[in-house]
Structures are given as structure tokens and as C-alpha cells.
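So the structure is just underneath, and the comments pick up after that.
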Amino acid sequence: PGRTGPHAGTAAPGPAAPSPAAPVAAPGYSPREPVIAGSFADPMVVKAGTAYYAYGTNDGGANLPVATAPDITGPWRRLASDGLPRLPSWAADGRTWAPEVVPPGPANGRYVLYFTARHKRGGRQCVGVATAPSPAGPFAAPDGDPLVCPAGLGGAIDPSSFVDQDGRRYLLYKTDARETAAIWLVGLSPDGLHPAGPPRKILSRGSDPVLVESPALVRRGGRYVLFYSAGWYFTRGYQTRYAEAASLFGPYAKAGEPLQSTGRYGGAVDGPGGASVFTDETGDHLVFHGVLEFHRGGGVLRGMYVAALGWDGSRPVLRGVPARFEAERAWPPGCAAAAGRPRASGGRVLLLFPRPGCEAALDVAAPEAGRYTLRIKYANRSGADAVQECTVNGRSPVPVPFRTTKGDDWGTVSLMVDLRAGRNTLGFRRMPGTAQLDYVEIE
């Protein structure tokens, strides 16, 4: 199964947190390399004081594996103890999946754990709840009924917590039958321990591969952004996707392509999914798993990864995978004229430039400050090589060569640029020659 995401990864009370100027990544850290290189599937993270705690699907005899680190990027150390040493009486051993831990809040002074386990009667997966005074546990679950256990839809897995702007708490989960796989949202009591109202379906599979699972909901750019996984978790086709909505219960509009996939990583990360969103003083991070080893019979070894997560409005932008920005978004309109072109990305291009003396600017978003590869896709059908001047945030103009292209061919030019976290502005000024820009990518 996939993993869910925390409401916003809010840090729990404790000792003073590191300064906001502290580096996001530890020395040598790469968003394409696992921070936990052993088995740690369906990960999520919370922070307590200055320490980070990660939780994963059952492994190595532990119902709830727990790891701790001084920084979100590590080094991570797995604890010897089991965070959930005893399952409730309704739960069978061996299938305790996709944990979600919520730090203490005003209505509950304890850490709350949501977990998936197999019900002894009927064999379907259900969502249980447990509490603990410490982020390391031990969490204790009551012996009553599960928190969520729909009988007609194959049960429920992948619980995920969300707190809306008005303070109301919700739980997301996935119904487990493949034919009816969907993401659901149910209100919770203020302490997070009981349902409050009927569940509502907010996302169905539609055209997504195989099924949808692993919900993680945040509000960014004035909209609700729902991350989810699609495909089989034990294959290279597993991927992270997202959908947006203006209101909590939708309708949610799915993005046209995955945020994460094996292909988008160029094969560097296999089957990325089970994502959750964690937020601390350095910003947003996507915590997810990737396949480290494929075994016979569909078995896989999945490790934990962390990548900086940024936003282009409500659109997620992730460190480690290319983010595309269509050139026709450039401004001002008098110098940034868009024209239709069927073979172009999005069907349109930016004309550089319709009149002499023009300058144009294109805003791009970076998930964190650092050095990025900037790729520009262009066409130059003037019959002569052209040069355009490019600036980043108004600094250091760089001449960018646009070699001639023939017929419907496109060219690509790459350069290294330093970007700040969040919004950055690329400036283009006319120099000898002409060109059309299709898009820019940052990676």
C-alpha cells in the first residue's frame, strides 16, 4: 500500500528549534538518494523540539518502526523499540501499514497515531487510533472497534490527518477494494479520536493507473492540494500525483502528469510514492519512499527519501525532478507575445521579440535556494544564429546562444543558475537575431 501525509507537519512543543538560517540539507545530501537506505516504507515525519521522528510500515518485527534524526535530511537512526508494541484486540499481526502521527494539540495533550491493520473478522484492512505521551511511543490503542472500517468497500488503508483553516480536524483514507479504490474524507472530533459525521468521497481513480491511494492534503496558494499515489507499489510504475480544489470537499481537478515517477527521475529513483508533506521552519518537504530492491513474487525493499517542496501558486515544485514553466506566461504583454504552434508544449510559444528594444520576464518557482540547471527549449528559424541576454532576478546578464533550427525541429540550451527559494524572475532582452521560446525547465 501507499502512504499518507500529515496535515502540515506542525512541530510539537519542546526545546528551541534550529535557526531558520540552518541549511535545509545536510552536507552531501541529495534528493535522489535515500536518507534511510534500509526498509522504511510509507514514511512520515514529525518534529518534537529539535529532534525529528520518522515512522514507517511494519518491518523487522516492529508494528511501528521509529527513526530519529537531528535534521530532516539526517543522519537518521532507527530506534530499537517498537512504537506500537501491542495491537488492539481486533487487529491481526503482520499488516500494520502507513502510520500517521499527529503532535499534541489544544484538545489532546498526547501524540495521536493513526494506523492500518487487518481485522481478525473478515480479513479487511481497517484504520485504528492510538495515543502516546512521547513521539517515540509506546503508543497504546484501545480494544474497542476500529476508527474507520467500511465493510462494503473492502476496508480502509492509508490514514492521513488534515486540519482546516477553521481548526476542524479531518481524516483522509483510501477504500481498499481495487474496483472501487477512492480517497475519502471524514470529520473528526476535536481530540482526533472519534469520527464526527459521515465520510465523503473526494477522489476516484478515473484514468489514473491501477488505483489511487496514499492521500496527503495541504492548503497552498489559496487552494486545497491533494497528493496521492497511483499504480502498484511493487513496480516501477508507482508514482505520486496531485489534484487541486477551491473547497475542501472538491471537486478536485487532477494534474495532467505525475509529480514523481521513475521516468521523471530519469531512473534514479524507482517507483516513488507514499508521499507525505512535512513543514518546519525551513519550509515544506516531501517525504516519500522509493524501491531499493525488487524481489521475486512482487516483494520490494523500500527506503525513505526527502526532497524540498516549493510552490508555483498552488502547483507543487519538487527538488530533484524537472519543473516546467511555459514561456507564454512571460510579461509584459507588449513585448511578450504568444503565438499558437501545434507541436509546442501547451500548443503555444513566446515570440522573442515582436519589436526592437523589447524586454520580457518569466517567473519561475524554486523549492529551495541553490544552484539549478536551467533548460530552455527554443526554435530559431531565422536562418542565422541568434543570441539573447538572460538575467536571473535582475543580476548577471548572460548571453544565451540560440543556434539555427530547421523545419519543425527544436533546440535546447542549458546553463547553470543560482535561484532563491520561491519566486524567481528570468529576464530576456533582445540581441541580434530572433527566436521562439517554448518553455524553460529548472532541475
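We name chains A, B, ... following the order of the C-alpha cells; residues begin at 1 in each chain, and ligands are numbered from 1 as shown.
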Quick one: everything within 9 Å of Asp363 (chain A), counting only C-alpha atoms, minus sequence neighbours fewer than 4 positions away in the same chain. Send it as JSON, numbers by chain. {"A": [325, 329, 330, 331, 423, 424, 425, 426, 427]}
Could you make a table, as CSV, of the residues of region 110-140 of chain A that have an atom within 10 Å of an atom of region 51-57 of chain A, each with its nearest atom pair and distance in Å to one decimal, counting only C-alpha atoms, in chain and number order?
residue,atom,partner,partner_atom,distance
A:Phe115,CA,A:Thr57,CA,9.0
A:Thr116,CA,A:Thr57,CA,9.1
A:Pro135,CA,A:Tyr53,CA,7.0
A:Ala136,CA,A:Tyr53,CA,7.4
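Distance check against Gly411 (chain A) using only C-alpha atoms: of A:Arg169, A:Ala130, A:Cys149, A:Gln436, the minimum falls on A:Gln436.
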Please, which residues in region 153-206 of chain A fall within 12 Å of region 271-291 of chain A when counting only C-alpha atoms, and what is the closest atom pair and distance in Å to one decimal for each, ordered by chain then residue number, as a Markdown table?
| residue | atom | partner | partner_atom | distance |
| --- | --- | --- | --- | --- |
| A:Ile157 | CA | A:Gly274 | CA | 12.0 |
| A:Asp158 | CA | A:Gly274 | CA | 9.0 |
| A:Pro159 | CA | A:Ser276 | CA | 11.0 |
| A:Ser160 | CA | A:Ser276 | CA | 8.7 |
| A:Ser161 | CA | A:Ser276 | CA | 10.4 |
| A:Phe162 | CA | A:Val277 | CA | 10.9 |
For the selection just defined, write its residues with all heavy atoms to a file, as a PDB file, in the first residue's frame.
ATOM      1  N   ILE A 157      -7.427   1.896   4.203  1.00  0.00           N
ATOM      2  CA  ILE A 157      -5.994   1.971   4.491  1.00  0.00           C
ATOM      3  C   ILE A 157      -5.533   3.414   4.322  1.00  0.00           C
ATOM      4  O   ILE A 157      -6.279   4.290   3.919  1.00  0.00           O
ATOM      5  CB  ILE A 157      -5.162   1.038   3.575  1.00  0.00           C
ATOM      6  CG1 ILE A 157      -5.244   1.511   2.108  1.00  0.00           C
ATOM      7  CG2 ILE A 157      -5.628  -0.405   3.694  1.00  0.00           C
ATOM      8  CD1 ILE A 157      -4.303   0.754   1.189  1.00  0.00           C
ATOM      9  N   ASP A 158      -4.276   3.644   4.648  1.00  0.00           N
ATOM     10  CA  ASP A 158      -3.580   4.907   4.382  1.00  0.00           C
ATOM     11  C   ASP A 158      -4.223   6.114   5.047  1.00  0.00           C
ATOM     12  O   ASP A 158      -4.613   7.078   4.391  1.00  0.00           O
ATOM     13  CB  ASP A 158      -3.475   5.155   2.872  1.00  0.00           C
ATOM     14  CG  ASP A 158      -2.619   4.133   2.154  1.00  0.00           C
ATOM     15  OD1 ASP A 158      -1.957   3.338   2.839  1.00  0.00           O
ATOM     16  OD2 ASP A 158      -2.607   4.127   0.919  1.00  0.00           O
ATOM     17  N   PRO A 159      -4.353   6.124   6.376  1.00  0.00           N
ATOM     18  CA  PRO A 159      -4.938   7.286   7.043  1.00  0.00           C
ATOM     19  C   PRO A 159      -4.020   8.507   6.984  1.00  0.00           C
ATOM     20  O   PRO A 159      -2.793   8.393   6.990  1.00  0.00           O
ATOM     21  CB  PRO A 159      -5.107   6.809   8.492  1.00  0.00           C
ATOM     22  CG  PRO A 159      -4.017   5.786   8.660  1.00  0.00           C
ATOM     23  CD  PRO A 159      -3.913   5.095   7.332  1.00  0.00           C
ATOM     24  N   SER A 160      -4.616   9.681   6.912  1.00  0.00           N
ATOM     25  CA  SER A 160      -3.861  10.926   6.854  1.00  0.00           C
ATOM     26  C   SER A 160      -4.680  12.030   7.498  1.00  0.00           C
ATOM     27  O   SER A 160      -5.878  12.161   7.244  1.00  0.00           O
ATOM     28  CB  SER A 160      -3.547  11.289   5.400  1.00  0.00           C
ATOM     29  OG  SER A 160      -2.903  12.542   5.325  1.00  0.00           O
ATOM     30  N   SER A 161      -4.047  12.835   8.338  1.00  0.00           N
ATOM     31  CA  SER A 161      -4.744  13.876   9.088  1.00  0.00           C
ATOM     32  C   SER A 161      -4.650  15.220   8.373  1.00  0.00           C
ATOM     33  O   SER A 161      -3.656  15.528   7.704  1.00  0.00           O
ATOM     34  CB  SER A 161      -4.123  13.998  10.483  1.00  0.00           C
ATOM     35  OG  SER A 161      -4.663  15.084  11.194  1.00  0.00           O
ATOM     36  N   PHE A 162      -5.704  16.028   8.529  1.00  0.00           N
ATOM     37  CA  PHE A 162      -5.710  17.381   7.979  1.00  0.00           C
ATOM     38  C   PHE A 162      -6.489  18.281   8.910  1.00  0.00           C
ATOM     39  O   PHE A 162      -7.560  17.911   9.408  1.00  0.00           O
ATOM     40  CB  PHE A 162      -6.349  17.410   6.587  1.00  0.00           C
ATOM     41  CG  PHE A 162      -6.464  18.796   6.008  1.00  0.00           C
ATOM     42  CD1 PHE A 162      -5.349  19.481   5.557  1.00  0.00           C
ATOM     43  CD2 PHE A 162      -7.699  19.424   5.939  1.00  0.00           C
ATOM     44  CE1 PHE A 162      -5.450  20.761   5.045  1.00  0.00           C
ATOM     45  CE2 PHE A 162      -7.819  20.707   5.419  1.00  0.00           C
ATOM     46  CZ  PHE A 162      -6.682  21.372   4.958  1.00  0.00           C
TER      47      PHE A 162
END
May I have the residues within 6 Å of region 177-188 of chain A as a list in words, using only C-alpha atoms and disregarding those fewer than 3 positions away in the same chain? Leu153, Gly154, Arg169, Tyr170, Leu171, Leu172, Tyr173, Lys174, Gly192, His194, Pro195, Ala196, Gly197, Pro199, Arg200, Lys201, Ile202, Leu203, Ser204 and Leu211 of chain A
Between region 285-361 of chain A and region 31-49 of chain A, at 8 Å or less, what are the per-residue closest atom pairs and their distances in Å? Count only C-alpha atoms, order by chain and rising residue number, and return it as JSON lines.
{"residue": "A:Val287", "atom": "CA", "partner": "A:Met44", "partner_atom": "CA", "distance": 6.2}
{"residue": "A:Phe288", "atom": "CA", "partner": "A:Pro43", "partner_atom": "CA", "distance": 6.0}
{"residue": "A:His289", "atom": "CA", "partner": "A:Ala41", "partner_atom": "CA", "distance": 5.7}
{"residue": "A:Gly290", "atom": "CA", "partner": "A:Pro34", "partner_atom": "CA", "distance": 7.9}
{"residue": "A:Leu292", "atom": "CA", "partner": "A:Ala37", "partner_atom": "CA", "distance": 7.7}
{"residue": "A:Leu301", "atom": "CA", "partner": "A:Ser39", "partner_atom": "CA", "distance": 5.6}
{"residue": "A:Arg302", "atom": "CA", "partner": "A:Ala41", "partner_atom": "CA", "distance": 5.2}
{"residue": "A:Gly303", "atom": "CA", "partner": "A:Phe40", "partner_atom": "CA", "distance": 4.9}
{"residue": "A:Met304", "atom": "CA", "partner": "A:Ile36", "partner_atom": "CA", "distance": 5.0}
{"residue": "A:Tyr305", "atom": "CA", "partner": "A:Pro34", "partner_atom": "CA", "distance": 4.6}
{"residue": "A:Val306", "atom": "CA", "partner": "A:Pro31", "partner_atom": "CA", "distance": 5.9}
{"residue": "A:Ala307", "atom": "CA", "partner": "A:Pro31", "partner_atom": "CA", "distance": 4.9}
{"residue": "A:Ala308", "atom": "CA", "partner": "A:Pro31", "partner_atom": "CA", "distance": 7.7}
{"residue": "A:Arg319", "atom": "CA", "partner": "A:Pro31", "partner_atom": "CA", "distance": 6.6}
{"residue": "A:Gly320", "atom": "CA", "partner": "A:Pro31", "partner_atom": "CA", "distance": 5.5}
Let's have the selection written as a PDB file, in the first residue's frame, with C-alpha atoms.
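Saved to part-v9.pdb:
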ATOM      1  CA  VAL A 287       8.818  12.628   2.463  1.00  0.00           C
ATOM      2  CA  PHE A 288       8.358   9.530   0.311  1.00  0.00           C
ATOM      3  CA  HIS A 289       9.651   6.051  -0.422  1.00  0.00           C
ATOM      4  CA  GLY A 290      11.386   4.557  -3.439  1.00  0.00           C
ATOM      5  CA  LEU A 292      15.741  -0.021  -3.422  1.00  0.00           C
ATOM      6  CA  LEU A 301      12.610  -3.156  -0.286  1.00  0.00           C
ATOM      7  CA  ARG A 302      11.617   0.499   0.010  1.00  0.00           C
ATOM      8  CA  GLY A 303      13.727   3.242   1.585  1.00  0.00           C
ATOM      9  CA  MET A 304      12.883   6.753   2.728  1.00  0.00           C
ATOM     10  CA  TYR A 305      13.649   9.892   0.707  1.00  0.00           C
ATOM     11  CA  VAL A 306      13.243  13.609   1.437  1.00  0.00           C
ATOM     12  CA  ALA A 307      13.053  16.464  -1.087  1.00  0.00           C
ATOM     13  CA  ALA A 308      12.454  20.202  -0.708  1.00  0.00           C
ATOM     14  CA  ARG A 319      13.707  19.418  -5.865  1.00  0.00           C
ATOM     15  CA  GLY A 320      15.195  16.540  -7.844  1.00  0.00           C
TER      16      GLY A 320
END
I want to know what sits within 9 Å of region 83-88 of chain A, based on only C-alpha atoms, with residues of the same chain fewer than 3 positions away left out; could you give that as number ranges by chain? A: 55, 62-66, 79, 91-93, 96, 117, 128, 130, 135-146
Would you mind writing down, as an MDAnalysis selection string, each residue of region 215-381 of chain A that DSSP on the backbone assigns to strand (DSSP E)? chainID A and resid 215:220 223:230 239:245 253:254 270:280 283:294 300:312 315:318 323:326 337:340 348:352 359:366 370:379
By how many Å are CA of Ala384 (chain A) and CA of Ala360 (chain A) apart?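 Result for CA of Ala384 (chain A) versus CA of Ala360 (chain A): 21.8 Å, one decimal.
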